[in-house]
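Accompanying notes for the structure given below.
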Amino acid sequence: MKAAAGLMSGLTLFERLSALDKPDGTNDTEQIWMIIRTFLGIIRVLIFVSIIVIAEMLEEIFIGNLSLAVWSLIVGIPLFVLLSTLIILGNKRFIDKSTKQEKTTVLRPIIKRV
């Protein structure tokens with residue numbers, strides 16, 4: 001029963017802790033990009049939430065004959081798209097292609113039926 005429980009849980013706690021000491025194989029630019037990408041993702045979520053909050057709470061305030069809700073959409077949506085584009089382009093540039101998992105899906109699994 002103990003052997004079956006060990007197989008079901010995968011790695012033991014000691015194996016997991018010892019795996020933390022081994023290098024993960026990423027280079028410095030990938031690690032720096034991961035940190036920057038995290039902050040860009042947090043800022044993107046904050047922009048999305050602030051667009052909603054400003055649009056709902058500040059409809060009565062007008063700047064340049066447009067309400068602040070409209071200005072939040074005019075400014076917020078392009079910022080959101082810009083940050084999303086930066087994240088996509090950064091992933092393509094800084095993440096090594098060899099570290100990505102290879103595709104294992106067969107495109108045409110059944111070619112001919114007998």
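Each chain in the structure tokens gets a letter, A, B, ..., in the order shown, and its residues are numbered from 1; ligands are numbered from 1 in order too.
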Residues within 12 Å of Leu40 (chain A), only C-alpha atoms, excluding chain neighbours under 3 positions, as a PyMOL selection string: chain A and resi 33-37+43-47+79-88+90
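Non-sequential neighbours of Lys97 (chain A) (distance at most 12 Å, separation of 5 or more positions within a chain, only C-alpha atoms) are A:Thr26, A:Glu30, A:Asn91, A:Lys92, A:Glu102.
CA of Asp96 (chain A) lies 19.9 Å from CA of Gly41 (chain A).
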Between CA of Ile54 (chain A) and CA of Ala69 (chain A) - distance in Å to one decimal: 5.8 Å
Strand (DSSP E or B) positions in region 15-111 of chain A, given as a PDB file with C-alpha atoms, in the first residue's frame:
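Output file selection.pdb is given in full below:
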ATOM      1  CA  PHE A  62     -16.391  66.120 -18.273  1.00  0.00           C
ATOM      2  CA  ILE A  63     -13.029  67.002 -19.815  1.00  0.00           C
ATOM      3  CA  LEU A  66     -16.267  64.121 -23.194  1.00  0.00           C
ATOM      4  CA  SER A  67     -17.021  62.358 -19.950  1.00  0.00           C
TER       5      SER A  67
END
